[in-house]
$ cat model.cif   # mmCIF, C-alpha atoms (C1' of nucleotides)
data_run
#
loop_
_atom_site.label_atom_id
_atom_site.label_comp_id
_atom_site.auth_asym_id
_atom_site.auth_seq_id
_atom_site.Cartn_x
_atom_site.Cartn_y
_atom_site.Cartn_z
CA MET A 1 146.11 154.18 153.54
CA SER A 2 148.07 152.54 156.35
CA GLU A 3 151.12 150.29 156.02
CA PRO A 4 150.33 146.75 154.95
CA THR A 5 150.54 144.20 157.75
CA SER A 6 153.27 141.58 157.79
CA ARG A 7 150.62 139.04 156.94
CA GLN A 8 149.60 141.02 153.86
CA ARG A 9 153.20 141.67 152.82
CA LEU A 10 153.82 137.93 152.86
CA ILE A 11 150.77 137.31 150.69
CA GLU A 12 151.95 139.85 148.16
CA ALA A 13 155.45 138.41 148.20
CA ALA A 14 153.99 134.96 147.65
CA ILE A 15 151.96 136.16 144.65
CA GLU A 16 155.09 137.62 143.09
CA ALA A 17 157.19 134.54 143.71
CA PHE A 18 154.54 131.98 142.70
CA ALA A 19 153.80 133.96 139.53
CA GLU A 20 157.46 134.21 138.54
CA ARG A 21 158.68 130.73 139.42
CA GLY A 22 155.62 128.61 140.14
CA PHE A 23 154.55 127.20 143.50
CA HIS A 24 156.91 124.24 143.66
CA ALA A 25 159.96 126.17 142.52
CA THR A 26 159.32 128.87 145.11
CA THR A 27 160.98 128.47 148.50
CA THR A 28 159.57 129.82 151.73
CA ARG A 29 162.90 131.64 152.10
CA ASP A 30 162.25 133.42 148.83
CA ILE A 31 158.85 134.56 150.03
CA SER A 32 159.99 135.75 153.44
CA THR A 33 163.02 137.51 151.97
CA ARG A 34 160.85 139.38 149.45
CA ALA A 35 158.67 140.46 152.36
CA GLY A 36 161.79 141.62 154.24
CA MET A 37 161.63 138.99 156.98
CA SER A 38 163.46 135.90 158.19
CA PRO A 39 162.34 132.44 157.06
CA ALA A 40 160.75 131.75 160.43
CA ALA A 41 158.56 134.85 160.38
CA LEU A 42 156.40 133.35 157.65
CA TYR A 43 155.07 130.71 160.03
CA VAL A 44 153.93 133.28 162.59
CA HIS A 45 151.42 134.60 160.03
CA HIS A 46 150.65 131.58 157.84
CA ALA A 47 150.44 127.89 158.68
CA SER A 48 152.26 126.64 155.59
CA LYS A 49 153.30 127.43 152.05
CA GLU A 50 150.15 125.71 150.77
CA GLN A 51 147.98 127.85 153.04
CA LEU A 52 149.48 130.94 151.43
CA LEU A 53 148.62 129.57 148.01
CA TYR A 54 145.12 128.71 149.14
CA GLU A 55 144.61 132.25 150.42
CA VAL A 56 145.59 133.70 147.04
CA SER A 57 143.67 131.15 145.00
CA SER A 58 140.47 131.22 146.96
CA PHE A 59 140.21 135.04 147.14
CA GLY A 60 141.09 135.32 143.47
CA HIS A 61 138.43 132.86 142.43
CA ALA A 62 135.78 134.47 144.63
CA ASP A 63 136.71 137.83 143.15
CA THR A 64 136.29 136.83 139.52
CA LEU A 65 133.08 134.94 140.20
CA ALA A 66 131.60 137.99 141.95
CA MET A 67 132.68 140.14 139.01
CA VAL A 68 131.04 138.07 136.27
CA ARG A 69 127.87 137.70 138.35
CA GLU A 70 127.71 141.45 138.82
CA VAL A 71 128.09 141.97 135.10
CA TYR A 72 125.43 139.38 134.39
CA ALA A 73 122.94 141.18 136.63
CA SER A 74 123.81 144.60 135.22
CA SER A 75 121.99 144.27 131.92
CA GLU A 76 119.17 142.46 130.15
CA ASP A 77 120.62 142.99 126.69
CA PRO A 78 122.56 139.85 125.65
CA VAL A 79 124.94 141.76 123.39
CA GLU A 80 125.92 144.42 125.92
CA ARG A 81 126.06 141.87 128.70
CA LEU A 82 128.42 139.50 126.91
CA ARG A 83 130.53 142.38 125.65
CA LEU A 84 130.98 143.74 129.18
CA MET A 85 131.55 140.28 130.65
CA GLN A 86 134.39 139.46 128.29
CA TYR A 87 135.75 142.99 128.67
CA GLU A 88 135.90 142.84 132.46
CA PHE A 89 137.02 139.23 132.67
CA THR A 90 139.84 139.91 130.22
CA ARG A 91 140.83 143.16 131.89
CA TRP A 92 140.99 141.51 135.30
CA HIS A 93 143.47 138.91 134.03
CA ALA A 94 145.66 141.60 132.50
CA VAL A 95 145.53 144.06 135.41
CA HIS A 96 146.10 141.36 138.01
CA GLN A 97 148.42 139.35 135.81
CA GLN A 98 150.53 137.91 138.62
CA LYS A 99 147.63 137.02 140.88
CA ALA A 100 145.70 135.62 137.91
CA ARG A 101 148.63 133.43 136.95
CA VAL A 102 148.67 131.87 140.41
CA VAL A 103 144.88 131.49 140.41
CA GLN A 104 144.77 129.81 137.02
CA TYR A 105 147.95 127.73 136.93
CA GLU A 106 148.60 126.49 140.47
CA ILE A 107 145.40 124.61 141.20
CA ALA A 108 147.20 121.26 141.14
CA ALA A 109 149.38 122.37 144.05
CA LEU A 110 146.41 122.83 146.40
CA THR A 111 145.38 120.11 148.86
CA PRO A 112 142.52 117.92 147.57
CA GLU A 113 140.05 119.70 149.84
CA HIS A 114 141.12 123.17 148.76
CA ARG A 115 141.15 122.03 145.15
CA ARG A 116 137.55 120.87 145.44
CA GLU A 117 136.57 124.24 146.82
CA VAL A 118 138.05 126.24 143.96
CA ALA A 119 136.64 123.74 141.46
CA GLY A 120 133.24 124.90 142.65
CA TYR A 121 134.07 128.52 141.92
CA ARG A 122 135.26 127.52 138.47
CA ARG A 123 132.09 125.63 137.64
CA ASP A 124 130.08 128.67 138.71
CA ILE A 125 132.10 131.04 136.52
CA GLU A 126 131.57 128.78 133.49
CA GLN A 127 127.87 128.60 134.30
CA VAL A 128 127.54 132.40 134.21
CA TYR A 129 129.19 132.44 130.78
CA ARG A 130 126.89 129.69 129.54
CA ASP A 131 123.87 131.60 130.86
CA ALA A 132 125.01 134.79 129.15
CA ILE A 133 125.44 133.00 125.83
CA GLY A 134 122.29 130.88 126.23
CA ALA A 135 120.16 133.96 126.90
CA GLY A 136 121.31 135.49 123.63
CA VAL A 137 120.54 132.29 121.75
CA ASP A 138 117.07 132.11 123.30
CA LYS A 139 116.33 135.67 122.25
CA GLY A 140 117.49 134.88 118.73
CA VAL A 141 120.32 137.40 118.91
CA PHE A 142 123.20 134.93 118.98
CA ASP A 143 123.88 132.12 116.52
CA VAL A 144 125.61 129.39 118.55
CA GLU A 145 125.29 125.62 118.27
CA ASP A 146 127.67 124.58 121.02
CA VAL A 147 127.00 126.92 123.95
CA ARG A 148 129.24 125.08 126.39
CA GLY A 149 132.15 124.83 123.98
CA THR A 150 131.85 128.47 123.01
CA ALA A 151 131.80 129.51 126.67
CA LEU A 152 134.98 127.49 127.27
CA ALA A 153 136.64 129.11 124.26
CA LEU A 154 135.88 132.64 125.44
CA ILE A 155 137.09 131.89 128.95
CA SER A 156 140.22 130.23 127.55
CA MET A 157 141.08 133.26 125.47
CA ALA A 158 141.01 135.54 128.50
CA ILE A 159 142.75 133.14 130.88
CA ASP A 160 145.58 132.31 128.50
CA LEU A 161 146.75 135.89 128.33
CA VAL A 162 148.30 135.53 131.78
CA ARG A 163 150.78 133.18 130.08
CA TRP A 164 152.12 135.88 127.77
CA TYR A 165 150.92 139.31 128.91
CA GLN A 166 153.57 141.71 130.22
CA ALA A 167 152.61 144.99 131.86
CA GLU A 168 155.77 146.54 130.36
CA GLY A 169 154.75 145.58 126.84
CA PRO A 170 152.92 147.73 124.31
CA ARG A 171 149.38 146.56 125.13
CA THR A 172 147.12 148.01 127.81
CA PRO A 173 144.61 145.88 129.72
CA GLU A 174 141.85 148.00 128.22
CA GLY A 175 143.16 147.51 124.70
CA ILE A 176 143.19 143.73 125.00
CA ALA A 177 139.83 143.77 126.76
CA ASP A 178 138.30 145.77 123.91
CA LEU A 179 139.64 143.36 121.31
CA TYR A 180 138.55 140.25 123.22
CA ALA A 181 135.08 141.71 123.82
CA GLN A 182 134.73 142.20 120.08
CA LEU A 183 135.98 138.67 119.40
CA ALA A 184 133.45 137.32 121.89
CA LEU A 185 130.59 138.94 120.00
CA ARG A 186 131.89 137.69 116.69
CA ALA A 187 132.20 134.23 118.21
CA VAL A 188 128.48 134.18 119.01
CA GLY A 189 127.60 135.34 115.52
CA VAL A 190 126.98 139.04 116.09
CA SER A 191 128.33 140.11 112.73
CA ASP A 192 128.45 143.89 113.08
CA ALA A 193 130.91 143.65 115.97
CA MET B 1 156.92 98.10 115.60
CA SER B 2 159.74 97.17 117.98
CA GLU B 3 159.88 97.68 121.73
CA PRO B 4 160.61 101.24 122.73
CA THR B 5 164.16 101.81 123.97
CA SER B 6 164.86 102.61 127.62
CA ARG B 7 165.69 106.10 126.52
CA GLN B 8 162.30 106.47 124.84
CA ARG B 9 160.46 104.88 127.76
CA LEU B 10 162.01 107.46 130.07
CA ILE B 11 160.92 110.30 127.79
CA GLU B 12 157.36 109.01 127.77
CA ALA B 13 157.39 108.56 131.53
CA ALA B 14 158.68 112.12 131.89
CA ILE B 15 155.88 113.49 129.70
CA GLU B 16 153.30 111.73 131.85
CA ALA B 17 154.81 112.89 135.11
CA PHE B 18 155.52 116.48 134.04
CA ALA B 19 151.99 116.77 132.64
CA GLU B 20 150.34 115.44 135.80
CA ARG B 21 152.43 117.16 138.45
CA GLY B 22 154.54 119.78 136.72
CA PHE B 23 158.32 119.75 136.27
CA HIS B 24 159.32 120.91 139.74
CA ALA B 25 156.91 118.61 141.57
CA THR B 26 158.13 115.62 139.60
CA THR B 27 161.01 113.62 141.06
CA THR B 28 163.54 111.69 139.03
CA ARG B 29 162.51 108.68 141.10
CA ASP B 30 158.94 109.12 139.86
CA ILE B 31 160.09 109.17 136.25
CA SER B 32 162.37 106.17 136.51
CA THR B 33 159.76 104.18 138.43
CA ARG B 34 157.12 104.88 135.77
CA ALA B 35 159.60 103.63 133.18
CA GLY B 36 160.18 100.49 135.28
CA MET B 37 163.75 101.32 136.23
CA SER B 38 165.85 102.28 139.23
CA PRO B 39 166.57 105.96 139.95
CA ALA B 40 170.13 105.61 138.70
CA ALA B 41 169.12 104.22 135.30
CA LEU B 42 167.77 107.60 134.26
CA TYR B 43 171.26 109.09 134.21
CA VAL B 44 172.59 106.43 131.87
CA HIS B 45 170.22 107.70 129.17
CA HIS B 46 169.75 111.38 130.02
CA ALA B 47 172.13 113.90 131.53
CA SER B 48 169.64 115.51 133.89
CA LYS B 49 165.98 116.12 134.62
CA GLU B 50 166.18 119.40 132.74
CA GLN B 51 167.61 117.65 129.67
CA LEU B 52 164.58 115.38 129.62
CA LEU B 53 162.32 118.42 129.70
CA TYR B 54 164.33 120.08 126.96
CA GLU B 55 163.99 117.01 124.78
CA VAL B 56 160.21 117.04 125.13
CA SER B 57 159.89 120.80 124.76
CA SER B 58 162.15 121.23 121.79
CA PHE B 59 160.70 118.35 119.76
CA GLY B 60 157.17 119.46 120.59
CA HIS B 61 157.83 123.01 119.47
CA ALA B 62 159.54 121.89 116.26
CA ASP B 63 156.58 119.62 115.58
CA THR B 64 153.91 122.29 115.88
CA LEU B 65 155.93 124.82 113.89
CA ALA B 66 156.39 122.30 111.06
CA MET B 67 152.67 121.57 111.15
CA VAL B 68 151.46 125.18 110.84
CA ARG B 69 154.04 125.88 108.13
CA GLU B 70 152.84 122.86 106.17
CA VAL B 71 149.26 124.04 106.47
CA TYR B 72 150.25 127.53 105.39
CA ALA B 73 151.89 126.17 102.24
CA SER B 74 148.99 123.85 101.45
CA SER B 75 146.56 126.48 100.18
CA GLU B 76 146.31 129.93 98.66
CA ASP B 77 142.78 130.52 99.87
CA PRO B 78 142.89 132.55 103.11
CA VAL B 79 139.63 131.10 104.44
CA GLU B 80 140.50 127.45 103.90
CA ARG B 81 144.03 128.02 105.06
CA LEU B 82 143.07 129.64 108.36
CA ARG B 83 140.33 127.11 108.93
CA LEU B 84 142.74 124.21 108.49
CA MET B 85 145.45 125.92 110.54
CA GLN B 86 143.22 126.41 113.55
CA TYR B 87 141.75 122.92 113.07
CA GLU B 88 145.13 121.19 113.06
CA PHE B 89 146.71 123.35 115.75
CA THR B 90 143.73 122.75 118.04
CA ARG B 91 143.59 119.04 117.28
CA TRP B 92 147.29 118.62 118.02
CA HIS B 93 146.86 120.12 121.49
CA ALA B 94 143.92 117.82 122.24
CA VAL B 95 145.44 114.62 120.81
CA HIS B 96 148.82 115.21 122.44
CA GLN B 97 147.34 116.77 125.55
CA GLN B 98 150.06 115.62 127.94
CA LYS B 99 152.95 116.51 125.68
CA ALA B 100 151.31 119.82 124.81
CA ARG B 101 150.91 120.67 128.46
CA VAL B 102 154.61 120.21 129.05
CA VAL B 103 155.48 122.15 125.90
CA GLN B 104 153.23 125.10 126.78
CA TYR B 105 153.51 125.32 130.56
CA GLU B 106 157.03 124.32 131.53
CA ILE B 107 159.08 126.84 129.57
CA ALA B 108 160.17 128.63 132.73
CA ALA B 109 161.85 125.45 133.98
CA LEU B 110 164.25 125.31 131.03
CA THR B 111 167.79 126.69 131.28
CA PRO B 112 168.14 130.22 129.86
CA GLU B 113 169.80 128.88 126.73
CA HIS B 114 167.16 126.26 126.08
CA ARG B 115 164.47 128.82 126.83
CA ARG B 116 165.89 131.16 124.20
CA GLU B 117 165.81 128.36 121.66
CA VAL B 118 162.14 127.51 122.18
CA ALA B 119 161.28 131.22 122.26
CA GLY B 120 162.44 131.28 118.66
CA TYR B 121 160.06 128.49 117.71
CA ARG B 122 157.24 130.35 119.43
CA ARG B 123 157.94 133.57 117.56
CA ASP B 124 157.90 131.64 114.31
CA ILE B 125 154.56 129.98 115.07
CA GLU B 126 153.00 133.36 115.85
CA GLN B 127 154.45 134.73 112.64
CA VAL B 128 152.76 132.02 110.57
CA TYR B 129 149.44 132.87 112.17
CA ARG B 130 149.99 136.59 111.51
CA ASP B 131 150.85 135.83 107.89
CA ALA B 132 147.74 133.69 107.47
CA ILE B 133 145.53 136.44 108.87
CA GLY B 134 147.37 139.24 107.10
CA ALA B 135 147.00 137.53 103.73
CA GLY B 136 143.24 137.40 104.18
CA VAL B 137 143.15 141.06 105.13
CA ASP B 138 145.22 142.01 102.08
CA LYS B 139 142.86 140.11 99.80
CA GLY B 140 139.90 141.87 101.40
CA VAL B 141 138.43 138.60 102.65
CA PHE B 142 139.06 139.17 106.37
CA ASP B 143 138.01 142.18 108.43
CA VAL B 144 140.68 142.55 111.13
CA GLU B 145 142.13 145.72 112.64
CA ASP B 146 144.58 144.15 115.09
CA VAL B 147 146.25 141.29 113.23
CA ARG B 148 148.81 140.57 115.93
CA GLY B 149 146.26 140.60 118.73
CA THR B 150 143.86 138.41 116.81
CA ALA B 151 146.63 135.91 116.08
CA LEU B 152 147.46 135.77 119.78
CA ALA B 153 143.81 135.21 120.65
CA LEU B 154 143.42 132.30 118.24
CA ILE B 155 146.62 130.68 119.48
CA SER B 156 145.55 131.24 123.09
CA MET B 157 142.24 129.52 122.54
CA ALA B 158 143.91 126.38 121.23
CA ILE B 159 146.73 126.33 123.76
CA ASP B 160 144.49 126.84 126.77
CA LEU B 161 142.57 123.67 126.13
CA VAL B 162 145.48 121.64 127.46
CA ARG B 163 144.57 123.14 130.82
CA TRP B 164 141.09 121.58 130.87
CA TYR B 165 140.83 118.95 128.13
CA GLN B 166 140.44 115.33 129.26
CA ALA B 167 140.61 112.48 126.77
CA GLU B 168 138.03 110.61 128.90
CA GLY B 169 135.54 113.47 128.66
CA PRO B 170 132.70 113.81 126.15
CA ARG B 171 134.60 115.88 123.57
CA THR B 172 136.72 114.51 120.74
CA PRO B 173 139.81 116.32 119.43
CA GLU B 174 138.05 116.64 116.07
CA GLY B 175 134.91 118.10 117.65
CA ILE B 176 136.85 120.83 119.47
CA ALA B 177 139.00 121.44 116.40
CA ASP B 178 135.89 121.94 114.25
CA LEU B 179 134.42 124.41 116.71
CA TYR B 180 137.65 126.37 117.12
CA ALA B 181 138.17 126.49 113.34
CA GLN B 182 134.72 128.03 113.01
CA LEU B 183 135.45 130.50 115.81
CA ALA B 184 138.70 131.48 114.09
CA LEU B 185 136.86 132.38 110.90
CA ARG B 186 134.25 134.33 112.82
CA ALA B 187 137.05 136.13 114.65
CA VAL B 188 138.45 137.40 111.36
CA GLY B 189 135.05 138.57 110.23
CA VAL B 190 134.03 135.75 107.89
CA SER B 191 130.36 135.93 108.79
CA ASP B 192 128.99 132.81 107.07
CA ALA B 193 131.18 130.56 109.18
"C1'" DG C 1 156.55 139.15 166.48
"C1'" DT C 2 161.04 138.93 165.20
"C1'" DC C 3 165.31 136.72 165.14
"C1'" DT C 4 169.27 132.73 164.88
"C1'" DA C 5 169.91 128.07 164.91
"C1'" DT C 6 168.54 123.68 163.69
"C1'" DA C 7 165.78 119.29 163.22
"C1'" DT C 8 164.13 116.36 159.65
"C1'" DG C 9 163.29 114.72 155.43
"C1'" DA C 10 163.80 114.31 150.61
"C1'" DA C 11 165.58 115.69 146.32
"C1'" DG C 12 169.17 115.37 142.22
"C1'" DA C 13 172.92 113.05 141.00
"C1'" DT C 14 177.03 109.70 141.47
"C1'" DA C 15 179.98 105.44 142.91
"C1'" DG C 16 180.94 101.11 142.12
"C1'" DA C 17 179.48 96.13 141.99
"C1'" DC C 18 177.59 92.87 138.66
"C1'" DG D 1 173.00 98.98 131.22
"C1'" DT D 2 171.13 97.81 135.36
"C1'" DC D 3 171.21 97.66 140.16
"C1'" DT D 4 171.92 99.07 145.52
"C1'" DA D 5 173.85 102.29 148.35
"C1'" DT D 6 174.97 106.81 149.25
"C1'" DC D 7 176.82 111.66 148.87
"C1'" DT D 8 175.49 116.34 149.11
"C1'" DT D 9 172.49 119.91 149.11
"C1'" DC D 10 168.61 122.29 150.21
"C1'" DA D 11 163.78 122.44 151.34
"C1'" DT D 12 159.87 122.98 154.98
"C1'" DA D 13 159.05 123.72 159.35
"C1'" DT D 14 160.11 124.21 164.50
"C1'" DA D 15 162.66 125.54 169.00
"C1'" DG D 16 163.77 128.82 171.92
"C1'" DA D 17 166.07 133.37 172.96
"C1'" DC D 18 164.96 138.30 172.99
#
$ encode --input "model.cif" --output "structure tokens"
Amino acid sequence: MSEPTSRQRLIEAAIEAFAERGFHATTTRDISTRAGMSPAALYVHHASKEQLLYEVSSFGHADTLAMVREVYASSEDPVERLRLMQYEFTRWHAVHQQKARVVQYEIAALTPEHRREVAGYRRDIEQVYRDAIGAGVDKGVFDVEDVRGTALALISMAIDLVRWYQAEGPRTPEGIADLYAQLALRAVGVSDA
Amino acid sequence: MSEPTSRQRLIEAAIEAFAERGFHATTTRDISTRAGMSPAALYVHHASKEQLLYEVSSFGHADTLAMVREVYASSEDPVERLRLMQYEFTRWHAVHQQKARVVQYEIAALTPEHRREVAGYRRDIEQVYRDAIGAGVDKGVFDVEDVRGTALALISMAIDLVRWYQAEGPRTPEGIADLYAQLALRAVGVSDA
DNA sequence: GTCTATATGAAGATAGAC
DNA sequence: GTCTATCTTCATATAGAC
């Protein structure tokens, strides 16, 4: 493990600052100071404050999409697949609470072009959830009328925890993930969950 | 129905602007222009931009707390009570999507004192949900191990819809509220929901 | 690649006429 | 209570030395 580069230190400082204060309330001075540099140093490594946000947002979205796709491919059993999907998706938002907060709540601050790009990732993530639920319905294992609405509800549950979750609090990421995985199965009508 | 006062017009303009852009990205010029006034007019009716936010946030929180308390008192039956609670809480967030967005996502922009005040409202709302779930567990109607976590999950589901819900989209507030009420009952282990 | 110094613009809020 | 004009502060981003 080598030292992080200045570029990487600035990204991590930006995640911290954006998560705590929000993009618009964060100053480039705040970011560079957290990274232990002068205000000007930021622009040697990143073109603008928005570019920093885009970096965080785009990697974060790609990450979560890859994760749910991997889970989807990992099993043929609808119950185990949905359980693991909600478990991992929930856990990611708790473990990476700061990054997740930026990913989920600062989309409006991106340029229109960057916003369109992440919108694509988001559509794809929802599609994987719909596929996972739809497969269970097709096999007669799940009892769901509104597949799309149920997918949105499960995603919402996991995403919203970045609004209130605190790493210092009593709950572990795994504890919440377990609970939310159970709630996901109950939501699709698997009664012995 | 008389004309809204300038004061009220400014509050409504602020809700619109804060919901679309966020508190920090909104300028006082934007608010006053939306209300059809000059930048200076805002300060005749409101002390500051933060005071406008506080007005929206505090009334919104008081509103939702009163609503869930009313629902709690309206029935003794745990199933009907929780169903109605999730229905009304969800519907409120869809119907008042812009106001709800400001209420739920701009807490960090309040002054510490104002933030403490709304934190109290939020604790109380969670408590009503915990009571509603706990009562069903005590009566042996609900099957829930983690009452607090389940309450948070149900609240999260409803709150998060302000992030994606669009009045122009295909879903009605009542349609989402029906679905989320059903999901709430399934979450507490009422299997014929 | 880092710094100090600064250009440039725009924000929140106020002054003072009507 | 509304306006125009403006004060003051602070933000993003750049210039240029080392």
$ resolve_selection --input "model.cif" --expression "the PyMOL selection byres ((chain B) within 10 of (chain D))" --output "PDB file with C-alpha atoms, keeping the file's coordinate frame"
ATOM      1  CA  SER B   6     164.860 102.610 127.620  1.00  0.00           C
ATOM      2  CA  MET B  37     163.750 101.320 136.230  1.00  0.00           C
ATOM      3  CA  SER B  38     165.850 102.280 139.230  1.00  0.00           C
ATOM      4  CA  PRO B  39     166.570 105.960 139.950  1.00  0.00           C
ATOM      5  CA  ALA B  40     170.130 105.610 138.700  1.00  0.00           C
ATOM      6  CA  ALA B  41     169.120 104.220 135.300  1.00  0.00           C
ATOM      7  CA  VAL B  44     172.590 106.430 131.870  1.00  0.00           C
ATOM      8  CA  HIS B  45     170.220 107.700 129.170  1.00  0.00           C
TER       9      HIS B  45
END
$ atom_distance --input "model.cif" --atom1 "CA of Tyr180 in chain B" --atom2 "CA of Glu70 in chain A"
28.2 Å
$ residues_around --input "model.cif" --residues "Ala187 in chain B" --least-positions-apart "6" --cutoff "10 Å" --atoms "all atoms listed in the file" --output "number ranges by chain"
A: 180, 182-189, 191, 193; B: 142-144, 150-151, 153-154, 181, 193
$ write_last_selection --input "model.cif" --atoms "C-alpha atoms" --output "PDB file, keeping the file's coordinate frame"
ATOM      1  CA  TYR A 180     138.550 140.250 123.220  1.00  0.00           C
ATOM      2  CA  GLN A 182     134.730 142.200 120.080  1.00  0.00           C
ATOM      3  CA  LEU A 183     135.980 138.670 119.400  1.00  0.00           C
ATOM      4  CA  ALA A 184     133.450 137.320 121.890  1.00  0.00           C
ATOM      5  CA  LEU A 185     130.590 138.940 120.000  1.00  0.00           C
ATOM      6  CA  ARG A 186     131.890 137.690 116.690  1.00  0.00           C
ATOM      7  CA  ALA A 187     132.200 134.230 118.210  1.00  0.00           C
ATOM      8  CA  VAL A 188     128.480 134.180 119.010  1.00  0.00           C
ATOM      9  CA  GLY A 189     127.600 135.340 115.520  1.00  0.00           C
ATOM     10  CA  SER A 191     128.330 140.110 112.730  1.00  0.00           C
ATOM     11  CA  ALA A 193     130.910 143.650 115.970  1.00  0.00           C
TER      12      ALA A 193
ATOM     13  CA  PHE B 142     139.060 139.170 106.370  1.00  0.00           C
ATOM     14  CA  ASP B 143     138.010 142.180 108.430  1.00  0.00           C
ATOM     15  CA  VAL B 144     140.680 142.550 111.130  1.00  0.00           C
ATOM     16  CA  THR B 150     143.860 138.410 116.810  1.00  0.00           C
ATOM     17  CA  ALA B 151     146.630 135.910 116.080  1.00  0.00           C
ATOM     18  CA  ALA B 153     143.810 135.210 120.650  1.00  0.00           C
ATOM     19  CA  LEU B 154     143.420 132.300 118.240  1.00  0.00           C
ATOM     20  CA  ALA B 181     138.170 126.490 113.340  1.00  0.00           C
ATOM     21  CA  ALA B 193     131.180 130.560 109.180  1.00  0.00           C
TER      22      ALA B 193
END
$ interface_residues --input "model.cif" --of "chain C" --to "chain A" --cutoff "9 Å" --atoms "only C-alpha atoms (C1' of nucleotides)" --output "VMD selection string"
chain C and resid 1 to 3
$ atom_distance --input "model.cif" --atom1 "CA of Gly136 in chain B" --atom2 "CA of Arg83 in chain B"
11.7 Å
$ closest_residue --input "model.cif" --among "B:His46, B:His24, B:Arg29, B:Lys139" --to "chain A" --atoms "only C-alpha atoms"
B:His24
$ closest_residue --input "model.cif" --among "B:Ser57, B:Thr28, B:Thr5, B:Ser74" --to "Tyr43 in chain B" --atoms "only C-alpha atoms"
B:Thr28
$ atom_distance --input "model.cif" --atom1 "CA of Val95 in chain B" --atom2 "CA of Gly149 in chain B"
26.1 Å
$ residues_around --input "model.cif" --residues "Met67 in chain A" --least-positions-apart "6" --cutoff "9 Å" --atoms "all atoms listed in the file" --output "PyMOL selection string"
chain A and resi 85+88-89
$ write_last_selection --input "model.cif" --atoms "C-alpha atoms" --output "PDB file, in the coordinates of the input"
ATOM      1  CA  MET A  85     131.550 140.280 130.650  1.00  0.00           C
ATOM      2  CA  GLU A  88     135.900 142.840 132.460  1.00  0.00           C
ATOM      3  CA  PHE A  89     137.020 139.230 132.670  1.00  0.00           C
TER       4      PHE A  89
END
$ closest_residue --input "model.cif" --among "B:Gln166, B:Gln104, B:Gln86, B:Gln51" --to "chain A" --atoms "all atoms listed in the file"
B:Gln104
$ closest_residue --input "model.cif" --among "B:Val141, B:Ala14, B:Val56, B:Ile107" --to "chain A" --atoms "only C-alpha atoms"
B:Ile107
$ residues_around --input "model.cif" --residues "Gln127 in chain A" --least-positions-apart "5" --cutoff "9 Å" --atoms "all atoms listed in the file" --output "list in words"
Arg122, Ala132, Arg148 and Ala151 of chain A
$ resolve_selection --input "model.cif" --expression "the PyMOL selection byres ((chain B and resi 101) around 12)" --output "JSON, numbers by chain"
{"A": [105], "B": [15, 16, 17, 18, 19, 20, 21, 22, 23, 53, 56, 57, 60, 61, 92, 93, 94, 95, 96, 97, 98, 99, 100, 102, 103, 104, 105, 106, 107, 158, 159, 160, 161, 162, 163, 164, 165, 166]}
$ closest_residue --input "model.cif" --among "B:Ala66, B:Leu52, B:Leu82, B:Leu152" --to "chain A" --atoms "only C-alpha atoms"
B:Leu152
$ closest_residue --input "model.cif" --among "A:Lys49, A:Arg171, A:Arg130, A:Arg91" --to "chain B" --atoms "all atoms listed in the file"
A:Arg171
$ residues_around --input "model.cif" --residues "Asp131 in chain A" --least-positions-apart "3" --cutoff "12 Å" --atoms "all atoms listed in the file" --output "PyMOL selection string"
chain A and resi 68-69+71-73+76+78+81-82+85+124-128+134-138+147-148+150-151
$ axis_aligned_box --input "model.cif" --around "range 146-153 of chain B" --padding-each-side "4 Å" --output "JSON"
{"center_x": 146.3, "center_y": 139.7, "center_z": 116.9, "size_x": 13.0, "size_y": 16.9, "size_z": 15.4}
